[in-house]
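S.K.: Hey, dropping upload-v9.txt in here, compact mmCIF, C-alpha atoms and all ligand atoms:
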```
# COMPACT_ATOMS: atom_id res chain seq x y z
CA MET A 1 -8.49 -18.86 27.27
CA ASN A 2 -12.01 -18.10 26.25
CA VAL A 3 -11.47 -17.80 22.47
CA ASP A 4 -11.23 -20.17 19.50
CA LEU A 5 -8.85 -18.11 17.40
CA VAL A 6 -6.26 -15.37 17.94
CA VAL A 7 -5.55 -12.88 15.17
CA VAL A 8 -2.37 -10.83 15.47
CA GLY A 9 -2.82 -7.55 13.60
CA SER A 10 -6.03 -5.63 12.93
CA GLY A 11 -5.25 -4.63 9.33
CA PHE A 12 -7.44 -5.72 6.45
CA PHE A 13 -5.94 -9.20 6.40
CA GLY A 14 -6.50 -9.92 10.07
CA LEU A 15 -9.95 -8.36 10.23
CA THR A 16 -11.19 -10.22 7.15
CA ILE A 17 -10.22 -13.52 8.79
CA ALA A 18 -11.73 -12.47 12.13
CA GLU A 19 -15.00 -11.32 10.54
CA ARG A 20 -15.43 -14.51 8.51
CA ALA A 21 -14.58 -16.79 11.43
CA ALA A 22 -17.01 -14.98 13.75
CA THR A 23 -19.87 -14.46 11.28
CA GLU A 24 -19.78 -17.71 9.33
CA LEU A 25 -18.42 -20.18 11.88
CA GLY A 26 -19.61 -18.49 15.06
CA LEU A 27 -16.08 -18.65 16.50
CA LYS A 28 -14.92 -16.46 19.36
CA VAL A 29 -12.02 -14.40 18.05
CA ALA A 30 -9.47 -12.18 19.79
CA VAL A 31 -7.82 -9.61 17.56
CA ILE A 32 -4.75 -7.94 19.06
CA ASP A 33 -2.75 -5.04 17.72
CA ARG A 34 0.29 -3.33 19.10
CA ARG A 35 -0.89 0.04 17.81
CA HIS A 36 -3.44 2.20 19.61
CA HIS A 37 -5.98 1.85 16.77
CA ILE A 38 -7.41 -0.79 14.44
CA GLY A 39 -7.09 -0.88 10.68
CA GLY A 40 -3.35 -1.30 10.20
CA ASN A 41 -1.94 0.97 7.55
CA ALA A 42 -5.34 1.84 6.14
CA TYR A 43 -6.26 3.71 9.33
CA SER A 44 -7.57 7.23 8.82
CA GLU A 45 -8.77 9.96 11.15
CA LYS A 46 -9.94 13.56 11.10
CA GLU A 47 -7.15 16.09 11.27
CA ALA A 48 -7.89 17.94 14.53
CA GLN A 49 -7.96 21.54 13.32
CA THR A 50 -9.78 21.12 9.99
CA GLY A 51 -11.82 17.93 10.32
CA ILE A 52 -10.35 16.76 7.01
CA GLU A 53 -9.88 12.97 6.87
CA VAL A 54 -6.20 12.07 6.60
CA HIS A 55 -4.71 8.65 5.94
CA ARG A 56 -2.14 8.32 8.74
CA TYR A 57 0.16 5.90 6.94
CA GLY A 58 0.07 7.37 3.44
CA ALA A 59 -2.73 7.83 0.92
CA HIS A 60 -4.98 4.78 0.44
CA LEU A 61 -7.05 4.45 -2.73
CA PHE A 62 -9.36 1.50 -3.02
CA HIS A 63 -9.59 -0.26 -6.39
CA THR A 64 -10.23 -3.83 -7.51
CA SER A 65 -11.39 -5.96 -10.41
CA ASN A 66 -11.98 -8.94 -8.13
CA GLU A 67 -15.76 -9.52 -8.00
CA ARG A 68 -15.60 -11.50 -4.80
CA VAL A 69 -13.59 -8.85 -2.99
CA TRP A 70 -15.89 -6.10 -4.26
CA GLU A 71 -18.99 -7.96 -3.07
CA TYR A 72 -17.32 -8.61 0.29
CA VAL A 73 -16.13 -5.07 0.98
CA SER A 74 -19.49 -3.67 -0.11
CA ARG A 75 -21.07 -5.37 2.92
CA PHE A 76 -19.27 -2.91 5.17
CA THR A 77 -19.16 0.35 3.28
CA GLU A 78 -20.44 2.26 0.31
CA PHE A 79 -17.89 3.87 -1.98
CA THR A 80 -17.80 7.32 -3.51
CA ASN A 81 -17.24 7.70 -7.23
CA TYR A 82 -13.74 9.13 -6.68
CA VAL A 83 -11.42 8.41 -9.61
CA HIS A 84 -7.72 8.73 -8.82
CA LYS A 85 -5.61 11.01 -11.00
CA VAL A 86 -2.02 12.07 -10.43
CA TYR A 87 -0.03 15.01 -11.77
CA SER A 88 3.69 15.62 -11.91
CA SER A 89 5.48 18.93 -11.40
CA HIS A 90 8.65 18.96 -13.49
CA GLN A 91 10.82 22.07 -13.88
CA GLY A 92 7.99 24.48 -13.19
CA GLU A 93 5.42 22.77 -15.39
CA VAL A 94 2.64 20.37 -14.43
CA TYR A 95 2.00 17.21 -16.51
CA PRO A 96 -0.65 14.49 -16.28
CA MET A 97 0.49 11.04 -15.12
CA PRO A 98 0.90 8.17 -15.90
CA ILE A 99 2.66 9.22 -19.10
CA ASN A 100 -0.02 9.54 -21.76
CA LEU A 101 -0.65 11.40 -24.99
CA GLY A 102 -1.31 14.58 -23.01
CA THR A 103 2.07 14.27 -21.24
CA ILE A 104 3.89 13.52 -24.48
CA ASN A 105 2.36 16.40 -26.44
CA GLN A 106 2.96 18.88 -23.63
CA PHE A 107 6.52 17.69 -23.09
CA PHE A 108 7.51 17.79 -26.76
CA ARG A 109 5.37 20.86 -27.56
CA SER A 110 3.57 18.84 -30.19
CA SER A 111 0.14 17.65 -31.29
CA TYR A 112 0.96 14.05 -32.20
CA GLY A 113 -1.74 11.50 -32.73
CA PRO A 114 -1.36 8.07 -31.10
CA ALA A 115 0.60 6.49 -33.97
CA GLU A 116 3.06 9.38 -34.29
CA ALA A 117 3.62 9.48 -30.55
CA ARG A 118 4.22 5.73 -30.46
CA ALA A 119 6.74 6.01 -33.31
CA LEU A 120 8.55 8.83 -31.53
CA ILE A 121 8.85 6.92 -28.25
CA GLN A 122 9.99 3.81 -30.10
CA GLU A 123 12.66 5.83 -31.88
CA GLN A 124 13.87 7.36 -28.60
CA ALA A 125 13.83 4.00 -26.82
CA GLY A 126 15.89 2.66 -29.75
CA GLU A 127 18.97 4.34 -28.27
CA LEU A 128 19.62 1.16 -26.31
CA ALA A 129 17.76 -1.29 -28.55
CA GLY A 130 19.23 -4.77 -28.66
CA THR A 131 21.23 -4.30 -25.45
CA ASP A 132 20.60 -6.14 -22.20
CA PRO A 133 20.28 -3.37 -19.60
CA GLN A 134 22.03 -4.20 -16.35
CA ASN A 135 20.75 -1.28 -14.31
CA LEU A 136 17.47 0.56 -13.84
CA ASN A 137 18.70 3.65 -15.65
CA ASP A 138 19.44 1.80 -18.89
CA LYS A 139 16.25 -0.23 -18.58
CA GLY A 140 14.20 2.95 -18.21
CA ILE A 141 15.78 4.48 -21.31
CA GLN A 142 15.19 1.28 -23.23
CA LEU A 143 11.53 1.23 -22.22
CA ILE A 144 10.44 4.83 -22.89
CA GLY A 145 13.44 6.73 -24.28
CA ARG A 146 15.82 9.07 -22.52
CA PRO A 147 13.84 12.38 -22.50
CA LEU A 148 10.69 11.11 -20.73
CA TYR A 149 12.67 8.74 -18.52
CA GLU A 150 15.01 11.46 -17.29
CA ALA A 151 12.17 13.94 -16.70
CA PHE A 152 9.64 11.77 -14.88
CA ILE A 153 11.26 8.54 -13.68
CA LYS A 154 14.99 8.88 -13.08
CA HIS A 155 15.17 11.16 -10.07
CA TYR A 156 11.77 10.13 -8.73
CA THR A 157 12.99 6.53 -8.54
CA GLY A 158 16.38 7.69 -7.26
CA LYS A 159 14.64 9.53 -4.41
CA GLN A 160 12.39 6.55 -3.64
CA TRP A 161 15.42 4.28 -3.31
CA GLN A 162 17.96 6.87 -2.08
CA THR A 163 20.16 5.37 -4.77
CA ASP A 164 21.30 6.51 -8.21
CA PRO A 165 19.24 4.44 -10.72
CA ARG A 166 22.55 3.45 -12.37
CA ASP A 167 23.25 1.51 -9.17
CA LEU A 168 19.80 -0.10 -8.96
CA PRO A 169 19.07 -3.49 -10.52
CA ALA A 170 17.20 -3.41 -13.84
CA GLU A 171 14.70 -5.95 -12.51
CA ILE A 172 12.96 -3.35 -10.29
CA ILE A 173 10.99 -2.29 -13.37
CA SER A 174 9.67 -4.61 -16.02
CA ARG A 175 7.55 -2.00 -17.75
CA LEU A 176 6.77 1.69 -17.57
CA PRO A 177 3.22 2.40 -18.60
CA VAL A 178 2.76 4.80 -21.53
CA ARG A 179 -0.75 5.40 -22.80
CA TYR A 180 -1.30 6.59 -26.31
CA THR A 181 -4.64 8.16 -25.39
CA TYR A 182 -5.53 11.09 -23.17
CA ASP A 183 -6.83 8.75 -20.46
CA ASN A 184 -5.08 9.67 -17.23
CA ARG A 185 -7.04 7.49 -14.81
CA TYR A 186 -4.39 6.14 -12.50
CA PHE A 187 -5.98 2.69 -12.03
CA ASN A 188 -7.48 0.41 -14.66
CA ASP A 189 -9.67 -1.58 -12.30
CA LYS A 190 -13.37 -2.21 -12.76
CA TYR A 191 -14.24 -0.83 -9.31
CA GLU A 192 -12.74 2.22 -7.69
CA GLY A 193 -13.76 4.64 -4.96
CA LEU A 194 -13.24 5.77 -1.39
CA PRO A 195 -15.29 4.63 1.61
CA VAL A 196 -18.13 7.15 1.97
CA ASP A 197 -17.65 7.67 5.70
CA GLY A 198 -13.93 6.93 5.79
CA TYR A 199 -11.62 3.95 6.25
CA THR A 200 -11.95 3.76 10.01
CA ALA A 201 -15.75 3.55 9.90
CA TRP A 202 -15.46 0.73 7.34
CA ILE A 203 -12.87 -1.11 9.41
CA GLU A 204 -14.84 -0.70 12.65
CA ARG A 205 -17.88 -2.28 10.99
CA MET A 206 -15.80 -5.33 10.09
CA ALA A 207 -14.84 -5.75 13.74
CA ASP A 208 -18.33 -5.00 15.07
CA HIS A 209 -19.47 -8.51 15.99
CA PRO A 210 -20.32 -9.84 19.46
CA ASN A 211 -17.84 -12.71 18.98
CA ILE A 212 -14.92 -10.42 18.13
CA GLN A 213 -12.93 -8.76 20.88
CA VAL A 214 -10.25 -6.29 19.88
CA GLN A 215 -7.37 -5.56 22.23
CA LEU A 216 -5.18 -2.62 21.25
CA ASN A 217 -1.73 -1.59 22.54
CA THR A 218 -1.02 -5.29 22.82
CA ASP A 219 2.10 -6.85 21.36
CA PHE A 220 2.03 -10.57 20.59
CA PHE A 221 5.59 -10.89 21.86
CA ASP A 222 4.92 -9.33 25.27
CA ASP A 223 4.27 -12.15 27.69
CA ASN A 224 2.12 -10.17 30.10
CA HIS A 225 -1.28 -10.77 28.48
CA GLU A 226 -3.48 -13.78 27.74
CA PHE A 227 -3.07 -13.66 23.92
CA SER A 228 0.72 -13.56 23.81
CA ARG A 229 2.83 -15.99 21.80
CA ALA A 230 3.76 -17.82 24.98
CA ALA A 231 0.12 -18.18 26.07
CA THR A 232 -1.42 -19.11 22.71
CA LEU A 233 1.11 -21.41 21.10
CA GLY A 234 -0.35 -24.88 20.74
CA GLN A 235 -3.56 -23.76 22.52
CA VAL A 236 -5.55 -22.15 19.67
CA PRO A 237 -4.85 -21.43 16.01
CA VAL A 238 -3.12 -18.09 15.48
CA ILE A 239 -3.29 -15.90 12.39
CA TYR A 240 -0.11 -13.85 12.43
CA THR A 241 0.09 -10.72 10.24
CA GLY A 242 3.17 -9.11 11.81
CA PRO A 243 6.67 -9.24 10.29
CA VAL A 244 7.71 -12.82 9.59
CA ASP A 245 11.38 -12.20 10.56
CA ARG A 246 10.28 -10.81 13.94
CA TYR A 247 8.26 -13.96 14.63
CA PHE A 248 11.42 -16.06 14.37
CA ASP A 249 13.53 -13.58 16.34
CA TYR A 250 15.40 -12.62 13.14
CA ALA A 251 17.07 -16.05 13.15
CA GLU A 252 17.72 -15.88 9.39
CA GLY A 253 18.58 -12.18 9.43
CA ASP A 254 16.53 -8.99 8.93
CA LEU A 255 14.38 -8.61 5.84
CA SER A 256 14.89 -5.14 4.33
CA TRP A 257 12.11 -2.61 3.86
CA ARG A 258 11.64 0.91 2.64
CA THR A 259 9.62 3.33 4.72
CA ILE A 260 8.22 6.81 4.21
CA ASP A 261 8.22 9.94 6.35
CA LEU A 262 5.12 12.09 6.09
CA GLU A 263 5.42 15.76 6.93
CA GLU A 264 1.96 17.15 7.63
CA GLU A 265 1.06 20.81 7.35
CA VAL A 266 -2.20 22.74 7.73
CA LEU A 267 -2.23 25.70 5.38
CA PRO A 268 -4.57 28.69 5.66
CA VAL A 269 -5.91 28.35 2.12
CA GLU A 270 -8.93 26.56 0.71
CA ASP A 271 -6.98 24.67 -1.94
CA PHE A 272 -3.20 24.29 -2.18
CA GLN A 273 -2.58 22.31 -5.37
CA GLY A 274 -5.93 21.60 -7.03
CA CYS A 275 -5.54 17.81 -6.96
CA SER A 276 -5.00 15.02 -4.46
CA VAL A 277 -1.50 13.93 -5.49
CA MET A 278 1.30 15.91 -7.13
CA ASN A 279 4.56 14.08 -7.91
CA TYR A 280 7.88 15.91 -7.72
CA PRO A 281 10.26 14.04 -10.03
CA ASP A 282 13.11 16.59 -9.98
CA GLU A 283 16.39 16.01 -8.18
CA ASP A 284 16.43 19.36 -6.37
CA VAL A 285 13.17 18.68 -4.45
CA ALA A 286 13.72 16.33 -1.52
CA TYR A 287 10.20 14.90 -1.29
CA THR A 288 8.66 12.55 -3.84
CA ARG A 289 5.08 13.84 -3.72
CA ILE A 290 2.52 15.97 -1.93
CA HIS A 291 -0.91 14.68 -0.92
CA GLU A 292 -3.75 17.12 -0.32
CA PHE A 293 -6.45 15.24 1.50
CA ARG A 294 -9.49 17.43 0.84
CA HIS A 295 -9.43 16.32 -2.80
CA PHE A 296 -10.09 12.69 -1.90
CA HIS A 297 -13.60 13.75 -0.85
CA PRO A 298 -14.83 16.61 -3.03
CA GLU A 299 -18.38 15.60 -2.04
CA ARG A 300 -17.77 16.58 1.61
CA ASP A 301 -18.48 19.96 3.05
CA TYR A 302 -14.97 20.65 4.33
CA THR A 303 -13.89 24.00 5.72
CA LYS A 304 -12.84 26.58 3.14
CA ASP A 305 -10.46 28.25 5.58
CA ALA A 306 -7.71 25.65 5.60
CA THR A 307 -6.34 22.56 3.90
CA VAL A 308 -4.10 19.66 4.96
CA ILE A 309 -1.11 18.56 2.94
CA MET A 310 1.50 15.85 3.50
CA ARG A 311 4.91 15.83 1.90
CA GLU A 312 6.22 12.31 1.39
CA PHE A 313 9.88 11.39 1.78
CA SER A 314 11.10 7.90 1.06
CA ARG A 315 14.02 6.05 2.69
CA PHE A 316 15.35 2.68 3.82
CA ALA A 317 13.74 1.50 7.05
CA GLN A 318 15.67 0.96 10.27
CA LYS A 319 14.48 -1.57 12.81
CA ASP A 320 12.21 0.88 14.66
CA ASP A 321 10.63 2.35 11.52
CA GLU A 322 7.32 1.25 10.03
CA PRO A 323 8.13 -1.33 7.33
CA TYR A 324 6.21 -0.27 4.19
CA TYR A 325 7.62 -1.64 0.95
CA PRO A 326 9.72 -4.83 0.72
CA VAL A 327 13.11 -4.08 -0.84
CA ASN A 328 13.28 -7.66 -2.07
CA THR A 329 16.96 -8.08 -2.98
CA SER A 330 18.22 -11.58 -3.83
CA ASP A 331 19.56 -11.70 -0.27
CA ASP A 332 16.04 -10.91 1.04
CA ARG A 333 14.55 -13.62 -1.13
CA ALA A 334 16.96 -16.20 0.26
CA LYS A 335 16.08 -15.18 3.82
CA LEU A 336 12.37 -15.25 3.02
CA SER A 337 12.65 -18.77 1.69
CA ALA A 338 14.37 -19.83 4.95
CA TYR A 339 11.59 -18.15 6.97
CA ARG A 340 8.96 -19.93 4.89
CA ASP A 341 10.57 -23.25 5.80
CA LEU A 342 10.52 -22.30 9.47
CA ALA A 343 6.87 -21.23 9.14
CA LYS A 344 5.91 -24.68 7.86
CA GLY A 345 7.03 -26.05 11.23
CA GLU A 346 4.60 -23.80 13.11
CA LYS A 347 1.58 -25.98 12.50
CA SER A 348 -1.05 -23.96 14.35
CA VAL A 349 0.14 -20.57 13.09
CA LEU A 350 -0.84 -19.17 9.70
CA PHE A 351 1.25 -16.30 8.34
CA GLY A 352 -0.61 -13.78 6.23
CA GLY A 353 -0.82 -10.20 5.02
CA ARG A 354 1.82 -7.78 3.90
CA LEU A 355 4.25 -8.23 6.78
CA GLY A 356 3.65 -11.92 7.35
CA THR A 357 4.43 -12.81 3.73
CA TYR A 358 6.95 -10.00 2.97
CA LYS A 359 4.94 -8.96 -0.09
CA TYR A 360 3.55 -5.60 -1.10
CA LEU A 361 -0.21 -6.12 -1.17
CA ASP A 362 -2.83 -3.59 -2.13
CA MET A 363 -5.89 -3.62 0.12
CA HIS A 364 -7.96 -5.69 -2.28
CA MET A 365 -5.13 -8.23 -2.50
CA ALA A 366 -4.81 -8.46 1.28
CA ILE A 367 -8.58 -9.00 1.57
CA GLY A 368 -8.61 -11.49 -1.33
CA SER A 369 -5.79 -13.55 0.12
CA ALA A 370 -7.41 -13.52 3.57
CA LEU A 371 -10.66 -14.84 2.06
CA SER A 372 -8.66 -17.63 0.35
CA MET A 373 -6.83 -18.53 3.56
CA TYR A 374 -10.15 -18.65 5.38
CA ASP A 375 -11.68 -20.95 2.73
CA ASN A 376 -8.70 -23.23 2.25
CA LYS A 377 -7.16 -23.53 5.70
CA LEU A 378 -9.23 -22.13 8.53
CA LYS A 379 -12.74 -23.22 7.65
CA PRO A 380 -11.68 -26.84 6.93
CA HIS A 381 -9.84 -26.92 10.26
CA PHE A 382 -12.95 -25.90 12.20
CA THR A 383 -15.53 -27.82 10.17
CA GLY A 384 -14.03 -31.28 10.17
CA GLY A 385 -11.78 -31.01 7.11
CA THR A 386 -7.97 -30.92 7.06
CA LYS A 387 -6.61 -29.87 10.46
CA LEU A 388 -3.88 -27.27 10.75
CA GLU A 389 -1.79 -29.39 13.11
P1 LIG A 401 -1.27 -3.97 7.90
O1 LIG A 401 0.13 -3.50 7.96
O2 LIG A 401 -2.31 -3.01 7.50
O3 LIG A 401 -1.68 -4.54 9.33
C1 LIG A 401 -0.79 -5.30 10.13
C2 LIG A 401 -1.08 -4.98 11.58
O4 LIG A 401 -0.35 -5.90 12.40
C3 LIG A 401 -0.65 -3.58 12.00
O5 LIG A 401 -1.74 -2.88 12.52
C4 LIG A 401 0.43 -3.83 13.06
O6 LIG A 401 0.40 -2.88 14.10
C5 LIG A 401 0.03 -5.20 13.57
N1 LIG A 401 1.16 -5.91 14.20
C6 LIG A 401 2.39 -6.15 13.67
N2 LIG A 401 3.16 -6.81 14.56
C7 LIG A 401 2.40 -7.01 15.67
C8 LIG A 401 2.64 -7.62 16.92
N3 LIG A 401 3.83 -8.16 17.23
N4 LIG A 401 1.65 -7.64 17.84
C9 LIG A 401 0.45 -7.08 17.56
N5 LIG A 401 0.17 -6.47 16.37
C10 LIG A 401 1.13 -6.44 15.43
N6 LIG A 401 -3.31 -0.31 -0.81
C11 LIG A 401 -4.24 0.04 -1.74
O7 LIG A 401 -5.06 -0.80 -2.12
N7 LIG A 401 -4.29 1.33 -2.20
C12 LIG A 401 -3.41 2.30 -1.79
O8 LIG A 401 -3.49 3.43 -2.24
C13 LIG A 401 -2.43 1.93 -0.84
N8 LIG A 401 -1.54 2.84 -0.39
C14 LIG A 401 -0.54 2.47 0.48
C15 LIG A 401 0.40 3.40 0.88
C16 LIG A 401 1.42 3.02 1.74
C17 LIG A 401 2.45 4.01 2.18
C18 LIG A 401 1.51 1.67 2.18
C19 LIG A 401 2.62 1.21 3.06
C20 LIG A 401 0.56 0.75 1.81
C21 LIG A 401 -0.48 1.14 0.94
N9 LIG A 401 -1.45 0.24 0.55
C22 LIG A 401 -2.41 0.60 -0.37
C23 LIG A 401 -1.42 -1.15 1.04
C24 LIG A 401 -2.30 -1.41 2.26
O9 LIG A 401 -1.85 -0.61 3.34
C25 LIG A 401 -2.19 -2.90 2.57
O10 LIG A 401 -2.89 -3.61 1.60
C26 LIG A 401 -2.75 -3.27 3.87
O11 LIG A 401 -2.05 -2.57 4.86
C27 LIG A 401 -2.55 -4.75 4.09
O12 LIG A 401 -3.15 -5.11 5.26
P2 LIG A 401 -2.43 -6.09 6.28
O13 LIG A 401 -3.50 -6.49 7.22
O14 LIG A 401 -1.70 -7.17 5.57
O15 LIG A 401 -1.26 -5.24 6.97
```
Before anything else, please render the file you have as C-alpha cells.
Ligand code: FDA

M.R.:
Amino acid sequence: MNVDLVVVGSGFFGLTIAERAATELGLKVAVIDRRHHIGGNAYSEKEAQTGIEVHRYGAHLFHTSNERVWEYVSRFTEFTNYVHKVYSSHQGEVYPMPINLGTINQFFRSSYGPAEARALIQEQAGELAGTDPQNLNDKGIQLIGRPLYEAFIKHYTGKQWQTDPRDLPAEIISRLPVRYTYDNRYFNDKYEGLPVDGYTAWIERMADHPNIQVQLNTDFFDDNHEFSRAATLGQVPVIYTGPVDRYFDYAEGDLSWRTIDLEEEVLPVEDFQGCSVMNYPDEDVAYTRIHEFRHFHPERDYTKDATVIMREFSRFAQKDDEPYYPVNTSDDRAKLSAYRDLAKGEKSVLFGGRLGTYKYLDMHMAIGSALSMYDNKLKPHFTGGTKLE
C-alpha cells in the first residue's frame, strides 16, 4: 500500500485531518468515501434547471467563534456577509425567530418594552413554577409559558420527534432562547457567512494536494479494494468517520438516529417566501420548515424565472437512511460507552466526526475537533512522539 494514512469519510472531519497530514507532515493520504461525491453532509451542487446552489443534505450555515477554526477555514474560502435569520408561520401569521421582543409584541398584540415583556413571560412560566417537569411539554411551559410554547415549540418539536412532547423526556431541552430585544440574528457567533463560491468548491480546495488521493464510491467494509478494513488494519493508521456501531458490526446494538426527508421543488416564480428558512410550527402542516436556496446568496445573479424550495420532514432513521441527529436515549448512551471501550482496543484506528463519535457536531466543531486530533494524536505518532499502537 503506497500511503501513510487512510481516512474513511470525506466530510469536514476527514478532510481536515487529510489536509493537515499532507500539507504539514508531507504524508501520503488516501481518503475514501462510499458516496459519489466528497464533502459529506456539507456537499452542495447547482440545481440542474435553475443553477441555484442547493445543500443536498439540508441547509448548512457556517458560523464560529473559534479563532483557530476561522483562520483555518479562511485558507480555503472567502465568506459572504450572509447573516442567518429564520421566520415562523403560525396560524396564517409570520413571526421572527428565535422568540424575541418582536415575536412577543406581535403575538400578544402589544408594545411591551424589555422589562414588561420579561415580567409577562415570567408570569406565564409561573404556571408550573416550583415543579420538577418530567416531560418536554411541562418543561417548555415552565421555561417560556404556555402561550408561546404551544404556538412555536410544541408541535414543531412533536413533528421533529414524531412523538407527543408529553411523551418526550424533559432533558431534551435545557433552555429555550427568548431575547428581550429585537435582534433576530439566528446565531450569536463572532464569524458567520457562506462560502463565496459554494461548499463544494471550498471542500475541493481542502483535498487539492498532490499527496491526497480521493477514492469515491468506496466503502471501507467492502473487501475488494486496497483501502478496505481488511487491507488496512494494522498496516497504516486509519481515521474512521463512519458510524461507530457499523465499525463493530453492531455488536452492542444499533445506535438510534433521526433523519430528514427533503422534498425539492422548482417553482416558476422569482421568490417564493422572501427568506431562506420558514418554520411551520403548526400541527396540521406535515413538514417542519421550508428552505428557499436563492436567499442564501442574494449577491448572486440567479435566474428570476424560477426558484428552488425544499420542504423538510423529520423522522426516526431506519438502517438504510442517512443518520443525521443522534437520538441519544439512556439506552443509546450505554451502547455508546460500550463502543468507546471497544474503540480503545483498536490501537491504530482513530474514531472521529459526527458518526464516529455519535455526537451532533456543527461544521466548525467537526473541524475544530479534527485539528485537535491531528495535534494530539496523529502528529505525535508521525513525528516521534506517542505512538498510536
Ligand atoms: P459527515 O457526515 O459530513 O461525513 C462523513 C462521511 O463518511 C460521509 O461522506 C459518509 O459517506 C462517509 N462514510 C461513512 N461510512 C463510510 C464507509 N463505511 N466507507 C466510506 N465512507 C463512509 N453544521 C453547521 O455548522 N451548520 C449548519 O447549518 C448545519 N446544518 C446541518 C443540517 C443537517 C440536516 C445535518 C445532518 C447536519 C448539519 N450540520 C450543520 C452539521 C454538519 O453536516 C457536520 O458538522 C458535518 O457533516 C460533520 O462532518 P463529518 O466529517 O463529521 O461527517

S.K.: When you count only C-alpha atoms, which of these residues is closest to A:Glu24: A:Ser174, A:His209, A:Met97, A:Tyr339?

M.R.: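 Of the candidates, the smallest distance to A:Glu24 is held by A:His209.
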
S.K.: Which residue gives the smallest distance to ligand LIG 401 (chain A) among A:Val3, A:Ala207, A:Ile260, A:Ala22, with all atoms listed in the file counted?

M.R.: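 Once distances to ligand LIG 401 (chain A) are computed over all atoms listed in the file, the minimum belongs to A:Ile260.
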
S.K.: Taking all atoms of stretch 172-188 of chain A that the file lists, what box with edges along x, y and z, padded by 4 Å per side, do you get, with centre and edge lengths in Å to one decimal, as lines of an AutoDock Vina configuration file?

M.R.:
```
center_x = 2.7
center_y = 3.2
center_z = -18.3
size_x = 28.4
size_y = 23.7
size_z = 24.0
```

S.K.: Can you list, as a PyMOL selection string, every protein, DNA or RNA residue that comes within 8 Å of A:His63 when you count only C-alpha atoms, leaving out same-chain residues fewer than 5 positions away?

M.R.: chain A and resi 187+189-193+364

S.K.: Suppose we keep C-alpha atoms; can you now write the selection as a short mmCIF file (atom, residue, chain, number, x, y, z; two decimals), in the coordinates of the input?

M.R.:
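Wrote result_31.cif, looks like this:
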```cif
data_model
loop_
_atom_site.label_atom_id
_atom_site.label_comp_id
_atom_site.auth_asym_id
_atom_site.auth_seq_id
_atom_site.Cartn_x
_atom_site.Cartn_y
_atom_site.Cartn_z
CA PHE A 187 -5.98 2.69 -12.03
CA ASP A 189 -9.67 -1.58 -12.30
CA LYS A 190 -13.37 -2.21 -12.76
CA TYR A 191 -14.24 -0.83 -9.31
CA GLU A 192 -12.74 2.22 -7.69
CA GLY A 193 -13.76 4.64 -4.96
CA HIS A 364 -7.96 -5.69 -2.28
#
```

S.K.: Between atom CA of A:Arg109 and atom CA of A:Ser89, what distance in Å does the model show, to one decimal?

M.R.: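 About the pair atom CA of A:Arg109 and atom CA of A:Ser89: they are 16.3 Å apart.
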
S.K.: Which residue out of A:Thr64, A:Gln273, A:Thr200, A:Thr50 has the minimum interatomic distance to ligand LIG 401 (chain A) when all atoms listed in the file are used?

M.R.: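 Looking at the shortest contact to ligand LIG 401 (chain A), the residue is A:Thr64.
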
S.K.: What lies within 7 Å of A:Lys28 using only C-alpha atoms, ignoring chain neighbours under 2 positions off, as a PyMOL selection string?

M.R.: chain A and resi 3-5+22+26+30+211-212

S.K.: Which is closer to ligand LIG 401 (chain A) than all the others in A:Glu19, A:Asp138, A:Asp362, A:Asp208, using all atoms listed in the file?

M.R.: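 Of all the options, A:Asp362 lies closest to ligand LIG 401 (chain A).
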
S.K.: Need the shell around A:Leu148: protein/DNA/RNA residues with any atom at most 12 Å away, counting only C-alpha atoms. Skip same-chain ones fewer than 5 positions apart. Format as JSON, numbers by chain?

M.R.: {"A": [90, 95, 97, 98, 99, 100, 103, 104, 105, 106, 107, 108, 120, 121, 122, 124, 125, 140, 141, 142, 143, 153, 154, 155, 176, 177, 178, 281]}

S.K.: For the residues selected in the previous step, produce a file with C-alpha atoms as a short mmCIF file (atom, residue, chain, number, x, y, z; two decimals), in the coordinates of the input.

M.R.:
```cif
data_model
loop_
_atom_site.label_atom_id
_atom_site.label_comp_id
_atom_site.auth_asym_id
_atom_site.auth_seq_id
_atom_site.Cartn_x
_atom_site.Cartn_y
_atom_site.Cartn_z
CA HIS A 90 8.65 18.96 -13.49
CA TYR A 95 2.00 17.21 -16.51
CA MET A 97 0.49 11.04 -15.12
CA PRO A 98 0.90 8.17 -15.90
CA ILE A 99 2.66 9.22 -19.10
CA ASN A 100 -0.02 9.54 -21.76
CA THR A 103 2.07 14.27 -21.24
CA ILE A 104 3.89 13.52 -24.48
CA ASN A 105 2.36 16.40 -26.44
CA GLN A 106 2.96 18.88 -23.63
CA PHE A 107 6.52 17.69 -23.09
CA PHE A 108 7.51 17.79 -26.76
CA LEU A 120 8.55 8.83 -31.53
CA ILE A 121 8.85 6.92 -28.25
CA GLN A 122 9.99 3.81 -30.10
CA GLN A 124 13.87 7.36 -28.60
CA ALA A 125 13.83 4.00 -26.82
CA GLY A 140 14.20 2.95 -18.21
CA ILE A 141 15.78 4.48 -21.31
CA GLN A 142 15.19 1.28 -23.23
CA LEU A 143 11.53 1.23 -22.22
CA ILE A 153 11.26 8.54 -13.68
CA LYS A 154 14.99 8.88 -13.08
CA HIS A 155 15.17 11.16 -10.07
CA LEU A 176 6.77 1.69 -17.57
CA PRO A 177 3.22 2.40 -18.60
CA VAL A 178 2.76 4.80 -21.53
CA PRO A 281 10.26 14.04 -10.03
#
```

S.K.: At most 7 Å from (-2.4, 13.0, -22.2), file frame, all atoms listed in the file: which residues, as an MDAnalysis selection string?

M.R.: chainID A and resid 96 100:104 181:184
